[in-house]
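Beneath this line is the structure, given in structure tokens, with notes to follow.
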Protein chains: 2
Amino acid sequence: MRSQAIAPPPTALSIDANRLYDALDALGRVGAYDDPYTGLRGVCRLALTAADGAGRAHVVAEMRSAGLAVSVDRIGNVFARRPGREDDLAPVMIGSHIDSVATAGRFDGCLGVLGGLEVVRTLNDAGYATKRPIVVAFFTEEEGARFGTDMLGSAVATGRIGLADAYAMRDATGLSVRDELAAIGFLGERDERLEPPHAYLECHVEQGPVLRASGLDLGVVTGVQAICWHEVTIVGKAAHAGTTPMSLRADAGVAAARINLKLRDMVSSGRFGAELRATMGAIAPHPNLVNVVPGRVVCTVDVRNPDDAILERAEAEIVAHYGEVARLEGVTITHRRTARTPFVPFSSRVRERIAAAAKARGLSSAPIVSGAGHDAQELSRLCPAGMIFVPGEHDGISHNPRELSTEAQCRDGVNVLLDTLLSLADE
Amino acid sequence: MRSQAIAPPPTALSIDANRLYDALDALGRVGAYDDPYTGLRGVCRLALTAADGAGRAHVVAEMRSAGLAVSVDRIGNVFARRPGREDDLAPVMIGSHIDSVATAGRFDGCLGVLGGLEVVRTLNDAGYATKRPIVVAFFTEEEGARFGTDMLGSAVATGRIGLADAYAMRDATGLSVRDELAAIGFLGERDERLEPPHAYLECHVEQGPVLRASGLDLGVVTGVQAICWHEVTIVGKAAHAGTTPMSLRADAGVAAARINLKLRDMVSSGRFGAELRATMGAIAPHPNLVNVVPGRVVCTVDVRNPDDAILERAEAEIVAHYGEVARLEGVTITHRRTARTPFVPFSSRVRERIAAAAKARGLSSAPIVSGAGHDAQELSRLCPAGMIFVPGEHDGISHNPRELSTEAQCRDGVNVLLDTLLSLADE
């Protein structure tokens with residue numbers, strides 16, 4: 001009878017939604033700024049800045065107040081451990097990140113970390129000890145917004161990026177990851193290579209409109225779609241806009257425009273199915289003056305699809321198009337692949353647990369592919385990993401102070417996180 | 001016999017091409033920099049900087065060494081006067097500018113000023129006094145590259161822009177025209193409103209490929225084409241490139257691309273004749289990140305034509321297109337007209353004199369429309385004005401250290417400047 005007395009039924013425990021939402025609000029005040037575009041309070045906690053340091057100190061204090069033992073590894077990842085009844089077993093890890101882009105809201109990443117902490121507090125309040133230990137973690141520079149490589153901390157912890165390479169990365173002003181870790185007091189001593197957890201769970205805002213538009217309470221993430229990035233350099237000939245006949249022009253801006261509309265056409269045509277995403281996000285012309293034909297443009301291409309084969313076919317068509325535009329416009333076009341990751345599937349066992357937990361609570365859910373990268377995709381190399389997506393208001397806008405998931409939406413996601421954790425931590 | 005003895009026949013005098021080319025080289029060393037893109041020595045004498053001050057001091061010293069009386073007006077325009085036999089008559093003025101863009105060669109503007117000085121030296125060497133006085137002038141901030149308004153000095157001298165408005169203009173760092181004039185010692189005392197000269201002549205590099213491609217020695221400028229500039233602001237919706245379905249996007253970058261290709265199509269179609277020029281020179285997306293759909297783009301449109309009616313029709317079609325793109329892409333598009341000048345015709349009498357002088361020297365010439373603005377268009381409000389264009393190598397590239405007119409090209413232009421001056425100054 002002992003195990004029945006200790007292990008509560010899945011629906012017996014629920015988190016304190018109010019406490020969770022207050023915690024999100026409190027962390028959202030660290031590194032806050034008044035956003036001029038939205039008129040809202042935004043968050044700017046770029047990784048390893050003083051604001052990030054303050055955010056880390058705040059969360060570490062909360063972790064300690066929840067009775068957790070905190071350790072920091074050599075890349076600044078933070079792990080807060082709650083003992084298990086069989087404390088030598090591999091822990092179940094709940095994680096995400098608290099660093100942000102420069103114009104963020106208060107949910108991206110923080111929901112996963114503070115959600116994990118809320119799960120621990122709920123277990124503490126119930127006096128319940130899981131069989132396996134629980135670790136609540138946050139990882140360094142998930143956004144890549146300061147040092148240029150996203151999922152940096154979790155990539156180092158799981159061996160994709162070496163510690164020396166990570167240390168040597170520099171921000172736009174030349175400051176290094178290592179020096180900045182030391183400056184905020186988070187250059188830890190724990191081995192950066194993580195021992196495989198039993199499982200890894202991450203609750204995150206969707207950062208897109210699908211769940212909200214479908215009226216679903218939750219998304220069970222099937223994996224992270226395949227991603228391909230190009231940095232495209234177009235070299236034409238700078239020329240006077242008033243004096244140069246069109247026949248003598250080699251306009252790098254027109255070439256970039258053709259590529260941008262090609263991306264749009266590839267998606268609209270449906271030739272690559274319904275899930276192709278293709279975006280020209282950055283465009284930098286030179287000399288960028290009203291009366292000079294652009295002699296040089298550096299622009300970016302971001303293409304994604306859940307199916308690796310489709311992405312490969314799309315990329316080949318785009319590269320062929322570069323050649324056509326170069327011939328047509330008399331410019332040279334070179335490209336550099338700045339990212340290429342295949343579809344990363346999440347564990348079917350973890351997905352089933354999440355879906356079952358949602359169903360048991362009467363919440364609607366559906367499988368969903370993540371359009372963005374997350375720490376969970378790095379952890380999936382070490383252990384069974386899974387993600388719970390929470391819907392967002394305003395078409396799921398993210399990386400923007402308008403980012404908003406309601407208290408009820410956050411509550412549902414973290415309750416399912418709790419239930420899924422229990423099912424895994426008592427194995 | 002007196003007038004025959006004093007007035008030489010048109011071909012009796014010729015300038016010293018070597019002296020002229022050396023003078024261009026010497027001025028080109030003031031404000032020089034090593035250009036990383038071309039590997040050449042470039043010129044950076046942005047108006048009213050210390051480099052411009054040094055260039056001004058250099059040219060003023062040359063003017064004085066040629067025996068000219070130098071005066072400076074309240075907007076910093078510099079006038080160097082050579083007396084005439086009938087010194088109360090209105091002078092013939094030869095002018096241009098010596099300020100430059102940030103990445104210039106050594107011919108733009110300088111050829112007109114140093115060419116004027118070479119004409120004076122040639123007359124000095126011959127001991128010839130013209131009937132009317134001669135004034136060699138250079139005007140402040142012709143480029144508009146520092147304070148944002150081109151032909152600033154000549155516009156003030158001819159009444160298009162008031163002195164107080166000009167004084168109050170500021171550069172990107174907040175420094176004012178008045179303070180910067182004082183700082184380099186060129187806040188003069190002469191009345192800024194110029195007494196109408198008898199005629200105004202300007203010899204300038206073409207800054208385009210037409211003359212060189214046609215094998216012509218010179219261009220007789222018929223006028224400055226009509227110009228229309230728009231600053232276009234496109235507001236869409238910033239969104240995550242990985243998560244946002246295309247149907248929910250409002251991509252300001254795609255909208256800008258459509259406008260750019262529309263400009264190209266309007267020119268290529270020939271529907272506006274062969275002389276329409278249309279350029280999107282500047283494109284500034286926000287937030288300009290690889291993985292974010294641009295939520296906002298500010299871009300520019302530059303449209304030119306020698307025919308005012310055609311330009312008007314082209315502008316109307318572009319504005320209508322803004323509306324079509326806004327509907328198609330779900331963005332808002334607003335535009336601000338940042339420039340609109342009609343075709344400025346030059347004096348037919350001056351043009352005939354230039355053409356006749358070229359013919360008498362056995363030089364080939366043809367009428368040509370100026371694609372760029374020049375001080376001569378401002379002076380044309382006060383008096384008959386005309387311009388001589390000199391061909392440029394490398395497709396007439398300008399605003400670039402590769403800008404190059406050969407010694408022979410410069411010689412031919414300034415000899416015709418000399419002959420035209422004589423024909424007007426002895427009237």
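Here, A, B, ... name the chains of the structure tokens in the order displayed, residue numbers run from 1 inside each chain, and ligands are numbered from 1 in the same displayed order.
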**Test item: residues at most 8 Å from Gly42 (chain A), only C-alpha atoms, excluding those fewer than 4 positions along its chain, as a PyMOL selection string** = chain A and resi 28+32-35+103-106+400-401
Just the selected residues (N, CA and C atoms), exported as a PDB file, in the first residue's frame, please.
ATOM      1  N   GLY A  28       9.385  39.216 -14.927  1.00  0.00           N
ATOM      2  CA  GLY A  28       9.214  40.161 -16.038  1.00  0.00           C
ATOM      3  C   GLY A  28       9.570  41.596 -15.666  1.00  0.00           C
ATOM      4  N   ALA A  32      13.187  45.124 -17.221  1.00  0.00           N
ATOM      5  CA  ALA A  32      12.033  45.698 -17.920  1.00  0.00           C
ATOM      6  C   ALA A  32      12.407  47.023 -18.583  1.00  0.00           C
ATOM      7  N   TYR A  33      11.700  47.370 -19.643  1.00  0.00           N
ATOM      8  CA  TYR A  33      11.875  48.680 -20.287  1.00  0.00           C
ATOM      9  C   TYR A  33      10.516  49.115 -20.838  1.00  0.00           C
ATOM     10  N   ASP A  34      10.375  50.423 -21.052  1.00  0.00           N
ATOM     11  CA  ASP A  34       9.131  50.937 -21.647  1.00  0.00           C
ATOM     12  C   ASP A  34       9.255  50.868 -23.159  1.00  0.00           C
ATOM     13  N   ASP A  35       8.424  50.041 -23.786  1.00  0.00           N
ATOM     14  CA  ASP A  35       8.541  49.834 -25.225  1.00  0.00           C
ATOM     15  C   ASP A  35       7.811  50.943 -25.995  1.00  0.00           C
ATOM     16  N   THR A 103      13.631  42.799 -27.296  1.00  0.00           N
ATOM     17  CA  THR A 103      12.273  43.353 -27.241  1.00  0.00           C
ATOM     18  C   THR A 103      11.296  42.232 -26.924  1.00  0.00           C
ATOM     19  N   ALA A 104      11.406  41.694 -25.721  1.00  0.00           N
ATOM     20  CA  ALA A 104      10.659  40.475 -25.402  1.00  0.00           C
ATOM     21  C   ALA A 104       9.442  40.748 -24.531  1.00  0.00           C
ATOM     22  N   GLY A 105       8.638  39.709 -24.410  1.00  0.00           N
ATOM     23  CA  GLY A 105       7.583  39.667 -23.407  1.00  0.00           C
ATOM     24  C   GLY A 105       8.090  38.870 -22.208  1.00  0.00           C
ATOM     25  N   ARG A 106       7.166  38.432 -21.331  1.00  0.00           N
ATOM     26  CA  ARG A 106       7.616  37.782 -20.099  1.00  0.00           C
ATOM     27  C   ARG A 106       7.348  36.279 -20.055  1.00  0.00           C
ATOM     28  N   ASN A 400       8.194  40.135 -28.538  1.00  0.00           N
ATOM     29  CA  ASN A 400       7.480  41.411 -28.584  1.00  0.00           C
ATOM     30  C   ASN A 400       6.770  41.562 -27.239  1.00  0.00           C
ATOM     31  N   PRO A 401       6.713  42.784 -26.702  1.00  0.00           N
ATOM     32  CA  PRO A 401       6.030  42.974 -25.405  1.00  0.00           C
ATOM     33  C   PRO A 401       4.549  42.597 -25.440  1.00  0.00           C
TER      34      PRO A 401
END
**Message:** Counting only C-alpha atoms, a student should be able to say which residues of chain B come within 8 Å of chain A; what is the right answer, written as a ChimeraX atom specification?
**Reply:** /B:207-209,229,239-246,253-254,256-258,260-261,264,267,275,277-285,287-294,300-304,370-372,397-398
Any idea what's packed within 8 Å of region 385-389 of chain B, counting only C-alpha atoms, ignoring anything in its chain fewer than 6 positions away? Could you give it as an mmCIF file with C-alpha atoms, in the first residue's frame?
data_model
loop_
_atom_site.group_PDB
_atom_site.id
_atom_site.type_symbol
_atom_site.label_atom_id
_atom_site.label_comp_id
_atom_site.auth_asym_id
_atom_site.auth_seq_id
_atom_site.Cartn_x
_atom_site.Cartn_y
_atom_site.Cartn_z
ATOM 1 C CA ALA B 199 25.743 84.707 -67.362
ATOM 2 C CA TYR B 200 26.768 81.598 -65.409
ATOM 3 C CA LEU B 201 28.909 78.743 -66.753
ATOM 4 C CA GLU B 202 29.728 75.407 -65.163
ATOM 5 C CA CYS B 203 31.975 72.665 -66.482
ATOM 6 C CA HIS B 204 31.273 69.341 -64.751
ATOM 7 C CA VAL B 205 31.919 65.629 -65.143
ATOM 8 C CA GLU B 206 28.890 63.860 -66.651
ATOM 9 C CA LEU B 218 31.600 66.933 -74.775
ATOM 10 C CA GLY B 219 27.978 67.308 -73.778
ATOM 11 C CA VAL B 220 26.040 70.555 -74.104
ATOM 12 C CA VAL B 221 23.632 70.327 -71.192
ATOM 13 C CA THR B 222 20.065 71.194 -72.166
ATOM 14 C CA PHE B 346 19.337 76.052 -69.546
ATOM 15 C CA SER B 347 19.590 79.185 -71.697
ATOM 16 C CA VAL B 350 24.429 79.863 -73.768
ATOM 17 C CA ARG B 351 23.913 76.377 -75.195
ATOM 18 C CA ILE B 354 28.979 76.220 -76.036
ATOM 19 C CA ALA B 376 23.780 75.873 -62.416
ATOM 20 C CA GLN B 377 20.098 75.032 -62.004
ATOM 21 C CA LEU B 379 21.806 80.174 -60.891
ATOM 22 C CA GLY B 413 35.949 70.801 -71.503
ATOM 23 C CA VAL B 416 35.358 75.210 -74.409
ATOM 24 C CA LEU B 417 34.636 76.850 -71.046
#
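Interatomic distance, CA of Glu143 (chain B) to CA of Glu118 (chain B): 23.2 Å.
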**Message:** Could you list, as a VMD selection string, every residue within 7 Å of Ala47 (chain A), counting only C-alpha atoms and ignoring same-chain residues fewer than 6 positions away?
**Reply:** chain A and resid 99 to 100 140 to 141 146
**Test item, strand (DSSP E or B) assignment across region 49-280 of chain A, answer as an NGL selection string** = :A and (69-73 or 78-82 or 92-96 or 104 or 134-138 or 170 or 176 or 190 or 199-205 or 218-224 or 226-235 or 237 or 239-240 or 250 or 277-279)
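Nearest residue to Leu194 (chain B) among B:Met63, B:Val235, B:Val325, B:Ile75 is B:Ile75, counting only C-alpha atoms.
Closest to Ser176 (chain B) among B:Leu418, B:Leu68, B:Ala164, B:Ile15 is B:Ala164, based on only C-alpha atoms.
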**Request:** Between B:Ala23, B:Leu117, B:Leu48, B:Leu163, single out the one closest to Arg64 (chain B), counting only C-alpha atoms.
**Result:**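 Using only C-alpha atoms, the shortest distance to Arg64 (chain B) belongs to B:Leu117.
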**Item:** Residue nearest Leu20 (chain B) among B:Ala157, B:Leu114, B:Ala80, B:Ile318 (counting only C-alpha atoms)
**Value:** B:Leu114
**Fill in**
Asp375 (chain A) proximity check over A:Ile98, A:Ala213, A:Ala50, A:Met169, using only C-alpha atoms: winner is A:Ile98
**Prompt:** Quick one: distance from CA of Val136 (chain A) to CA of Met93 (chain A) in Å, one decimal?
**Reply:**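 Straight-line distance from CA of Val136 (chain A) to CA of Met93 (chain A) works out to 5.9 Å.
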